[in-house]
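> Contents of protein-v3.tsv (TSV, C-alpha atoms and all ligand atoms) are below:
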```tsv
chain	number	residue	atom	x	y	z
A	1	MET	CA	-3.51	-9.01	-10.00
A	2	PRO	CA	-1.15	-6.65	-11.84
A	3	LYS	CA	2.25	-8.15	-12.45
A	4	CYS	CA	5.46	-6.22	-12.96
A	5	ASP	CA	8.89	-7.66	-12.37
A	6	VAL	CA	11.30	-5.01	-11.09
A	7	GLY	CA	14.11	-7.28	-9.96
A	8	ARG	CA	17.68	-6.73	-10.98
A	9	ARG	CA	18.08	-5.12	-14.36
A	10	ALA	CA	20.13	-2.59	-16.20
A	11	GLY	CA	19.17	0.99	-15.56
A	12	GLN	CA	19.68	3.91	-13.25
A	13	ILE	CA	18.00	4.98	-10.04
A	14	TRP	CA	18.14	8.44	-8.48
A	15	HIS	CA	19.42	7.98	-4.93
A	16	ASP	CA	19.83	10.94	-2.57
A	17	GLY	CA	20.80	13.38	-5.24
A	18	ARG	CA	22.62	11.33	-7.86
A	19	LEU	CA	21.93	8.68	-10.45
A	20	VAL	CA	23.39	5.29	-9.51
A	21	SER	CA	23.21	1.94	-11.25
A	22	TRP	CA	20.15	-0.24	-10.55
A	23	SER	CA	22.21	-2.72	-8.46
A	24	GLU	CA	23.88	0.02	-6.41
A	25	ALA	CA	20.60	1.38	-5.04
A	26	GLU	CA	20.47	-0.70	-1.85
A	27	VAL	CA	19.51	-0.18	1.79
A	28	HIS	CA	20.93	-1.56	5.04
A	29	VAL	CA	18.99	-4.37	6.76
A	30	LEU	CA	18.78	-2.21	9.90
A	31	SER	CA	16.95	0.59	8.13
A	32	HIS	CA	14.16	1.96	10.32
A	33	SER	CA	11.56	1.87	7.55
A	34	LEU	CA	12.18	-1.80	6.84
A	35	HIS	CA	11.27	-2.65	10.43
A	36	TYR	CA	8.47	-0.21	11.16
A	37	GLY	CA	6.94	0.76	7.81
A	38	SER	CA	8.09	4.37	8.25
A	39	ALA	CA	8.36	5.25	4.57
A	40	VAL	CA	6.22	7.20	2.11
A	41	PHE	CA	6.09	6.67	-1.60
A	42	GLU	CA	4.46	7.66	-4.87
A	43	GLY	CA	3.44	5.99	-8.09
A	44	GLU	CA	3.58	8.04	-11.28
A	45	ARG	CA	2.92	7.24	-14.90
A	46	VAL	CA	4.82	8.08	-18.04
A	47	TYR	CA	2.83	8.41	-21.25
A	48	GLY	CA	4.86	8.72	-24.40
A	49	GLY	CA	7.86	9.88	-22.36
A	50	ARG	CA	5.85	12.51	-20.46
A	51	ILE	CA	5.05	12.30	-16.77
A	52	PHE	CA	1.41	12.77	-15.87
A	53	ARG	CA	0.84	15.35	-13.11
A	54	LEU	CA	4.39	15.09	-11.85
A	55	SER	CA	4.26	18.10	-9.55
A	56	ALA	CA	1.10	16.86	-7.83
A	57	HIS	CA	2.85	13.58	-7.07
A	58	SER	CA	6.04	15.25	-5.85
A	59	ALA	CA	3.94	17.50	-3.61
A	60	ARG	CA	2.03	14.53	-2.23
A	61	LEU	CA	5.28	12.72	-1.41
A	62	ILE	CA	6.47	15.68	0.64
A	63	ALA	CA	3.05	16.06	2.31
A	64	SER	CA	2.88	12.32	3.07
A	65	ALA	CA	6.29	12.49	4.75
A	66	ALA	CA	5.16	15.49	6.80
A	67	HIS	CA	2.02	13.60	7.88
A	68	ILE	CA	4.15	10.92	9.51
A	69	GLY	CA	6.62	13.42	10.95
A	70	ILE	CA	9.40	13.10	8.38
A	71	ALA	CA	10.92	16.14	6.69
A	72	CYS	CA	11.61	15.20	3.10
A	73	PRO	CA	15.11	16.54	2.39
A	74	PHE	CA	14.26	17.58	-1.18
A	75	ASP	CA	11.76	20.19	-2.31
A	76	ARG	CA	9.18	19.76	-5.05
A	77	ALA	CA	11.22	21.36	-7.80
A	78	THR	CA	14.19	19.12	-6.99
A	79	LEU	CA	12.00	16.01	-6.97
A	80	ASP	CA	10.40	17.05	-10.27
A	81	ALA	CA	13.80	17.55	-11.89
A	82	ALA	CA	15.14	14.29	-10.45
A	83	THR	CA	12.12	12.39	-11.75
A	84	ARG	CA	12.56	13.80	-15.24
A	85	ALA	CA	16.24	12.85	-15.07
A	86	VAL	CA	15.37	9.25	-14.15
A	87	VAL	CA	12.87	8.95	-16.99
A	88	ALA	CA	15.40	10.35	-19.42
A	89	ALA	CA	18.31	8.22	-18.13
A	90	ASN	CA	16.26	5.05	-18.52
A	91	ALA	CA	14.64	6.13	-21.79
A	92	ILE	CA	11.18	5.34	-20.42
A	93	SER	CA	8.42	5.70	-22.95
A	94	ASP	CA	5.33	4.19	-21.31
A	95	GLY	CA	6.11	3.27	-17.78
A	96	TYR	CA	5.83	3.71	-14.07
A	97	ILE	CA	7.85	5.74	-11.59
A	98	ARG	CA	8.33	4.90	-7.93
A	99	PRO	CA	9.66	7.69	-5.67
A	100	LEU	CA	10.34	6.56	-2.08
A	101	CYS	CA	11.29	8.52	1.02
A	102	TRP	CA	12.43	6.43	3.98
A	103	LEU	CA	14.28	6.40	7.28
A	104	GLY	CA	17.68	4.78	7.18
A	105	GLU	CA	19.97	3.09	9.65
A	106	GLY	CA	18.82	2.95	13.26
A	107	VAL	CA	16.21	0.60	14.72
A	108	ALA	CA	16.84	0.93	18.48
A	109	ASP	CA	14.84	4.17	18.60
A	110	LEU	CA	11.28	3.57	17.41
A	111	SER	CA	10.68	7.31	16.99
A	112	GLY	CA	13.33	7.30	14.28
A	113	GLY	CA	14.12	10.89	15.11
A	114	ARG	CA	17.85	10.45	14.59
A	115	CYS	CA	17.65	8.30	11.46
A	116	PRO	CA	18.90	9.72	8.17
A	117	VAL	CA	16.14	10.45	5.66
A	118	HIS	CA	16.72	9.01	2.19
A	119	VAL	CA	14.95	9.48	-1.13
A	120	ALA	CA	15.14	7.31	-4.21
A	121	ILE	CA	13.31	7.43	-7.53
A	122	ALA	CA	13.14	4.43	-9.86
A	123	ALA	CA	11.34	4.04	-13.19
A	124	TRP	CA	10.67	1.18	-15.55
A	125	GLU	CA	8.67	0.39	-18.65
A	126	TRP	CA	5.18	-0.80	-17.64
A	127	PRO	CA	2.54	0.20	-20.16
A	128	HIS	CA	-0.47	-1.24	-18.31
A	129	ALA	CA	-1.18	-2.93	-14.99
A	130	PHE	CA	-3.69	-5.32	-16.53
A	131	ALA	CA	-3.95	-7.23	-19.78
A	132	PRO	CA	-6.05	-5.59	-22.52
A	133	SER	CA	-8.78	-8.20	-21.94
A	134	ALA	CA	-9.13	-7.06	-18.32
A	135	LEU	CA	-9.48	-3.48	-19.47
A	136	ALA	CA	-12.10	-4.46	-22.03
A	137	ASP	CA	-14.14	-6.83	-19.89
A	138	GLY	CA	-13.42	-5.55	-16.39
A	139	ILE	CA	-11.80	-7.17	-13.37
A	140	ARG	CA	-13.29	-9.25	-10.56
A	141	LEU	CA	-13.17	-7.92	-7.00
A	142	MET	CA	-13.68	-9.60	-3.67
A	143	VAL	CA	-14.81	-7.67	-0.60
A	144	SER	CA	-11.93	-8.01	1.84
A	145	PRO	CA	-12.45	-8.92	5.47
A	146	TRP	CA	-9.75	-6.31	6.28
A	147	ARG	CA	-11.01	-2.77	6.77
A	148	ARG	CA	-9.50	0.67	6.42
A	149	PRO	CA	-8.78	2.08	9.90
A	150	PRO	CA	-10.52	5.14	11.40
A	151	PRO	CA	-8.83	8.51	10.87
A	152	GLN	CA	-7.93	8.61	14.57
A	153	SER	CA	-5.81	5.49	14.04
A	154	ALA	CA	-4.02	6.20	10.76
A	155	PRO	CA	-2.82	9.24	8.81
A	156	PHE	CA	-5.02	8.27	5.86
A	157	GLN	CA	-3.95	11.31	3.81
A	158	ALA	CA	-0.42	9.92	3.66
A	159	LYS	CA	0.69	7.44	1.05
A	160	ALA	CA	2.66	5.72	3.79
A	161	ALA	CA	4.18	2.25	3.55
A	162	GLY	CA	2.88	1.07	6.91
A	163	LEU	CA	-0.71	1.69	5.85
A	164	TYR	CA	-0.40	-0.80	3.00
A	165	LEU	CA	-0.32	-3.90	5.19
A	166	SER	CA	-4.10	-4.35	5.12
A	167	GLY	CA	-4.11	-3.79	1.36
A	168	MET	CA	-1.33	-6.30	0.88
A	169	MET	CA	-3.15	-8.93	2.94
A	170	SER	CA	-6.39	-8.19	1.12
A	171	GLN	CA	-4.81	-8.55	-2.32
A	172	ARG	CA	-3.16	-11.82	-1.32
A	173	LEU	CA	-6.42	-13.22	-0.07
A	174	ALA	CA	-8.22	-12.11	-3.21
A	175	GLY	CA	-5.53	-13.71	-5.36
A	176	THR	CA	-5.69	-17.03	-3.55
A	177	ARG	CA	-9.47	-17.05	-4.06
A	178	GLY	CA	-9.17	-16.38	-7.78
A	179	TYR	CA	-10.14	-12.70	-7.83
A	180	ASP	CA	-8.19	-9.91	-9.51
A	181	ASP	CA	-8.19	-7.53	-6.57
A	182	ALA	CA	-9.77	-6.67	-3.24
A	183	LEU	CA	-12.33	-4.03	-2.35
A	184	MET	CA	-11.90	-2.68	1.15
A	185	LEU	CA	-14.59	-1.29	3.41
A	186	ASP	CA	-13.78	1.37	5.97
A	187	TYR	CA	-14.02	1.11	9.74
A	188	ARG	CA	-17.76	1.97	9.51
A	189	GLY	CA	-18.45	-0.73	6.95
A	190	LEU	CA	-18.83	1.85	4.17
A	191	VAL	CA	-17.20	1.34	0.77
A	192	ALA	CA	-13.63	2.69	0.91
A	193	GLU	CA	-11.33	1.81	-2.00
A	194	ALA	CA	-9.54	-1.07	-3.65
A	195	ALA	CA	-6.18	-2.16	-2.24
A	196	CYS	CA	-4.34	0.45	-4.30
A	197	ALA	CA	-6.96	2.30	-6.35
A	198	ASN	CA	-10.01	4.47	-5.78
A	199	LEU	CA	-13.50	3.28	-6.65
A	200	PHE	CA	-16.26	4.91	-8.69
A	201	MET	CA	-19.79	3.72	-9.39
A	202	VAL	CA	-22.36	4.91	-11.89
A	203	THR	CA	-25.95	4.95	-10.68
A	204	GLY	CA	-28.75	6.27	-12.87
A	205	GLY	CA	-26.24	8.27	-14.91
A	206	THR	CA	-24.62	9.91	-11.86
A	207	VAL	CA	-20.94	9.27	-11.22
A	208	VAL	CA	-20.41	8.58	-7.52
A	209	THR	CA	-17.22	8.03	-5.53
A	210	PRO	CA	-16.65	7.65	-1.78
A	211	ALA	CA	-15.72	10.81	0.13
A	212	THR	CA	-12.07	11.06	1.13
A	213	ASP	CA	-12.58	11.12	4.89
A	214	CYS	CA	-10.54	7.98	5.53
A	215	ILE	CA	-9.09	6.96	2.15
A	216	LEU	CA	-6.31	8.20	-0.07
A	217	ALA	CA	-7.34	11.21	-2.16
A	218	GLY	CA	-6.08	9.80	-5.44
A	219	ILE	CA	-4.69	12.10	-8.08
A	220	THR	CA	-6.35	10.01	-10.79
A	221	ARG	CA	-9.61	10.19	-8.84
A	222	GLU	CA	-9.40	13.96	-8.88
A	223	THR	CA	-8.69	13.97	-12.60
A	224	VAL	CA	-11.61	11.63	-13.28
A	225	LEU	CA	-14.00	13.79	-11.25
A	226	GLN	CA	-13.11	16.72	-13.47
A	227	LEU	CA	-13.37	14.66	-16.65
A	228	ALA	CA	-16.79	13.32	-15.66
A	229	ARG	CA	-18.04	16.85	-15.04
A	230	THR	CA	-16.60	18.05	-18.31
A	231	LEU	CA	-18.37	15.19	-20.06
A	232	GLY	CA	-21.62	16.50	-18.56
A	233	TYR	CA	-22.28	13.86	-15.90
A	234	ALA	CA	-23.58	14.69	-12.45
A	235	VAL	CA	-20.87	13.84	-9.93
A	236	GLU	CA	-21.17	13.08	-6.22
A	237	GLU	CA	-18.55	12.50	-3.54
A	238	GLN	CA	-20.40	10.85	-0.69
A	239	HIS	CA	-20.58	7.93	1.69
A	240	VAL	CA	-21.39	4.74	-0.23
A	241	THR	CA	-22.85	1.61	1.33
A	242	LEU	CA	-22.16	-1.86	0.01
A	243	GLU	CA	-25.85	-2.17	-0.84
A	244	GLN	CA	-25.69	0.98	-2.98
A	245	LEU	CA	-22.57	-0.31	-4.68
A	246	LYS	CA	-24.15	-3.67	-5.44
A	247	ALA	CA	-27.13	-1.90	-7.00
A	248	ALA	CA	-24.92	0.29	-9.24
A	249	ASP	CA	-25.03	0.12	-13.05
A	250	GLU	CA	-21.28	0.41	-13.61
A	251	VAL	CA	-18.19	0.29	-11.41
A	252	PHE	CA	-14.61	1.23	-12.19
A	253	LEU	CA	-11.32	1.77	-10.35
A	254	THR	CA	-8.93	4.68	-10.75
A	255	GLY	CA	-5.27	4.95	-9.86
A	256	THR	CA	-1.92	5.76	-11.32
A	257	ALA	CA	-1.05	2.11	-11.88
A	258	TYR	CA	-4.61	1.02	-12.70
A	259	GLU	CA	-5.47	4.09	-14.76
A	260	ILE	CA	-9.21	3.50	-15.27
A	261	THR	CA	-10.03	-0.18	-14.91
A	262	PRO	CA	-13.63	-1.37	-15.28
A	263	VAL	CA	-15.00	-3.77	-12.67
A	264	ARG	CA	-16.86	-6.82	-13.93
A	265	SER	CA	-17.97	-8.17	-10.57
A	266	ILE	CA	-17.79	-7.69	-6.82
A	267	ASP	CA	-18.27	-11.01	-5.04
A	268	ASP	CA	-21.40	-12.41	-6.74
A	269	THR	CA	-22.69	-9.12	-8.14
A	270	THR	CA	-21.95	-8.52	-11.80
A	271	TYR	CA	-21.73	-5.25	-13.75
A	272	ARG	CA	-21.56	-4.28	-17.38
A	273	VAL	CA	-18.75	-2.15	-18.73
A	274	GLY	CA	-21.13	0.62	-19.72
A	275	ALA	CA	-21.23	3.80	-21.71
A	276	VAL	CA	-20.18	6.10	-18.86
A	277	THR	CA	-17.12	4.02	-18.03
A	278	ARG	CA	-16.19	3.92	-21.71
A	279	ALA	CA	-16.62	7.68	-22.06
A	280	VAL	CA	-14.44	8.38	-19.01
A	281	ILE	CA	-11.75	5.97	-20.24
A	282	GLY	CA	-11.78	7.69	-23.63
A	283	ALA	CA	-11.51	11.16	-22.11
A	284	PHE	CA	-8.71	10.02	-19.81
A	285	GLN	CA	-6.72	8.50	-22.68
A	286	GLN	CA	-7.18	11.69	-24.65
A	287	LEU	CA	-5.97	13.73	-21.68
A	288	VAL	CA	-2.85	11.70	-20.97
A	289	ARG	CA	-1.89	11.21	-24.59
A	290	GLY	CA	-3.56	14.23	-26.10
A	291	PRO	CA	-2.24	17.38	-27.72
A	292	HIS	CA	-1.54	19.31	-24.48
A	293	PRO	CA	0.71	16.89	-22.68
A	294	ASP	CA	2.99	19.18	-20.67
A	295	GLU	CA	2.40	18.19	-17.06
A	296	ALA	CA	3.68	21.56	-15.90
A	297	THR	CA	0.78	23.33	-17.55
A	298	ARG	CA	-1.80	20.67	-16.92
A	299	LEU	CA	-4.25	21.12	-14.02
A	300	PRO	CA	-2.10	23.53	-11.98
A	301	ALA	CA	-4.90	24.65	-9.69
A	302	ARG	CA	-5.87	21.06	-9.10
A	303	ASP	CA	-2.34	20.15	-8.11
A	304	GLU	CA	-2.48	22.76	-5.38
A	305	ARG	CA	-5.78	21.39	-4.13
A	306	VAL	CA	-4.46	17.85	-4.01
A	307	GLN	CA	-1.52	19.13	-2.02
A	308	ALA	CA	-3.83	20.97	0.34
A	309	ALA	CA	-6.01	17.88	0.77
A	310	ALA	CA	-2.96	15.75	1.42
A	311	ALA	CA	-1.84	18.27	4.02
A	312	GLY	CA	-4.83	17.52	6.19
A	313	GLY	CA	-8.07	18.79	4.72
A	314	VAL	CA	-11.10	16.57	4.17
A	315	ARG	CA	-12.55	17.43	0.81
A	316	GLN	CA	-16.27	17.21	0.36
A	317	ALA	CA	-16.65	18.80	-3.07
A	318	ARG	CA	-20.04	18.43	-4.69
A	319	ALA	CA	-21.19	18.59	-8.27
A	320	GLY	CA	-21.20	22.18	-9.42
A	321	GLY	CA	-18.89	23.14	-6.57
A	322	PRO	CA	-15.34	24.39	-6.65
A	323	HIS	CA	-14.15	21.37	-8.61
A	324	SER	CA	-16.42	21.93	-11.57
A	325	ASP	CA	-14.11	24.15	-13.58
A	326	GLY	CA	-12.55	22.99	-16.82
A	327	LEU	CA	-9.60	20.74	-17.32
A	328	GLY	CA	-7.37	23.05	-19.27
A	329	VAL	CA	-7.06	20.49	-22.01
B	401	LIG	N1	-5.85	4.39	-2.95
B	401	LIG	C1	-4.72	3.74	-2.63
B	401	LIG	C2	-4.68	3.00	-1.34
B	401	LIG	C3	-3.62	3.75	-3.49
B	401	LIG	O1	-2.51	3.08	-3.17
B	401	LIG	C4	-3.71	4.45	-4.70
B	401	LIG	C5	-2.54	4.46	-5.64
B	401	LIG	N2	-1.67	5.52	-5.36
B	401	LIG	C6	-4.89	5.15	-5.00
B	401	LIG	C7	-5.95	5.09	-4.09
B	401	LIG	C8	-5.01	5.96	-6.25
B	401	LIG	O2	-4.20	7.11	-6.12
B	401	LIG	P1	-3.55	7.82	-7.40
B	401	LIG	O3	-4.64	8.03	-8.36
B	401	LIG	O4	-3.00	9.08	-6.84
B	401	LIG	O5	-2.52	6.90	-7.92
```
Re-express the file's structure as structure tokens.
Ligand code: PMP

Amino acid sequence: MPKCDVGRRAGQIWHDGRLVSWSEAEVHVLSHSLHYGSAVFEGERVYGGRIFRLSAHSARLIASAAHIGIACPFDRATLDAATRAVVAANAISDGYIRPLCWLGEGVADLSGGRCPVHVAIAAWEWPHAFAPSALADGIRLMVSPWRRPPPQSAPFQAKAAGLYLSGMMSQRLAGTRGYDDALMLDYRGLVAEAACANLFMVTGGTVVTPATDCILAGITRETVLQLARTLGYAVEEQHVTLEQLKAADEVFLTGTAYEITPVRSIDDTTYRVGAVTRAVIGAFQQLVRGPHPDEATRLPARDERVQAAAAGGVRQARAGGPHSDGLGV
């Protein structure tokens, strides 16, 4: 399980338009979001002081808020600038950023329609979620008994706090049973995603990942799909059964916090950390730390597509389809 202590410390947090000290950035106990999970958030990574795909994340935050009926009071450009200011103020080199948009004081009205909407952005040094050994050898997953809900029951496109309860319970259960993380199935029993990362498998040289019809369309996932195509692999976004996953040659997770983390086992099924996983990890590291690091010029078209997907579309891109263009790196 990734560990990162973000308790009290020196530093500054952007809070509703201004930088405040770490200890000043507090909420009232009667905040709506604390009671009902009515918040949306992002996770972003800083590589060598540069934020990877910042605008895509800012856009997803705004879209996530809209999905649950909250109007984010700041536009993308303002969020981008605020995020850069937080990274600079805290002198983050290799770290993680957590933007949060939530409903403030007022719990008597469940609709939260009259609650103030707040936004905060925090950042801290956090080079990797897992120890280098986990990245080299892979992590161990347990299939969770908790499932991702059907699209009629949850705004799955939103990175919304309330949707993380099943992931939180799954991760806890996995931890108590000695696993590194939990794999969640969807309401149909198909492979969905890990508690906070997307899943890929490699079967016969083809890179396969579950379709985003009830899971979060990860920004790292999108990047990895492009990288895999650029590396010359066939790529499929499709429904994946647990049987297909257990028969796969390689498995890895993708996410902002997890980056690309190989999977060593799922329950009793073991995998090797193979050549395809290694190639994708190498290409990803080159992308995030490579010679064209400006997030403003990186993957602009893709950022728009992620935003569109987050705004309600179900993407079903196939190999050779509209996502097969180059990476601009
Ligand atoms: N699925 C879930 C449930 C997540 O929390 C995350 C992390 N944001 C992901 C997938 C991966 O998304 P991204 O690559 O955009 O971080």
> Neighbouring residues of ligand LIG 401 (chain B) are defined here as those with any atom at most 6 Å from a ligand atom, counting all atoms listed in the file; list them as a list in words.
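After applying the 6 Å limit, what remains is Gly43, Ala195, Cys196, Ala197, Asn198, Leu216, Gly218, Ile219, Thr220, Arg221, Thr254, Gly255 and Thr256 of chain A.
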> Distance CA of Val208 (chain A)-CA of Arg148 (chain A), one decimal place?
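CA of Arg148 (chain A) lies 19.4 Å from CA of Val208 (chain A).
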> Please list as a compact mmCIF listing (two decimals) with C-alpha atoms, keeping the file's coordinate frame every residue within 7 Å of His67 (chain A), counting all atoms listed in the file and excluding residues in the same chain fewer than 3 positions away.

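Output file around-v2.txt follows:
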```txt
# COMPACT_ATOMS: atom_id res chain seq x y z
CA ALA A 63 3.05 16.06 2.31
CA SER A 64 2.88 12.32 3.07
CA PRO A 155 -2.82 9.24 8.81
CA ALA A 158 -0.42 9.92 3.66
```
> Residues within 8 Å of (4.7, 6.6, -27.2), file coordinates, counting all atoms listed in the file: what are they? Give the list as a list in words.
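Every residue inside that radius is included here: Tyr47, Gly48, Gly49, Ser93 and Asp94 of chain A.
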> Kindly indicate which residue among A:Gln152, A:Thr83, A:Ser265, A:Ser144 lies nearest to Ala120 (chain A), using only C-alpha atoms for the distances.
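With only C-alpha atoms as the atom set, the closest residue is A:Thr83.
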> Using all atoms listed in the file, find each residue of region 128-244 of chain A with at least one atom at most 12 Å away from an atom of region 24-33 of chain A; report its shortest atom-to-atom pair and that distance in Å (one decimal), sort the rows by chain and rising residue number, and return the result as CSV.

```
residue,atom,partner,partner_atom,distance
A:Ala160,CA,A:Ser33,CA,10.4
A:Ala161,CA,A:Ser33,CA,8.4
A:Gly162,CA,A:Ser33,CA,8.7
```
> Applying 7 Å and only C-alpha atoms, which residues near Pro210 (chain A) remain after dropping the ones on its own chain fewer than 6 positions away? List them as a PyMOL selection string.
chain A and resi 191-192+237-240
> Take the residues that were just selected and, keeping C-alpha atoms, output them as a PDB file, keeping the file's coordinate frame.

```pdb
ATOM      1  CA  VAL A 191     -17.200   1.340   0.770  1.00  0.00           C
ATOM      2  CA  ALA A 192     -13.630   2.690   0.910  1.00  0.00           C
ATOM      3  CA  GLU A 237     -18.550  12.500  -3.540  1.00  0.00           C
ATOM      4  CA  GLN A 238     -20.400  10.850  -0.690  1.00  0.00           C
ATOM      5  CA  HIS A 239     -20.580   7.930   1.690  1.00  0.00           C
ATOM      6  CA  VAL A 240     -21.390   4.740  -0.230  1.00  0.00           C
TER       7      VAL A 240
END
```
> I'd like the interatomic distance between CA of His118 (chain A) and CA of Gly104 (chain A), to a tenth of an Å.
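Separating CA of His118 (chain A) from CA of Gly104 (chain A) is a distance of 6.6 Å.
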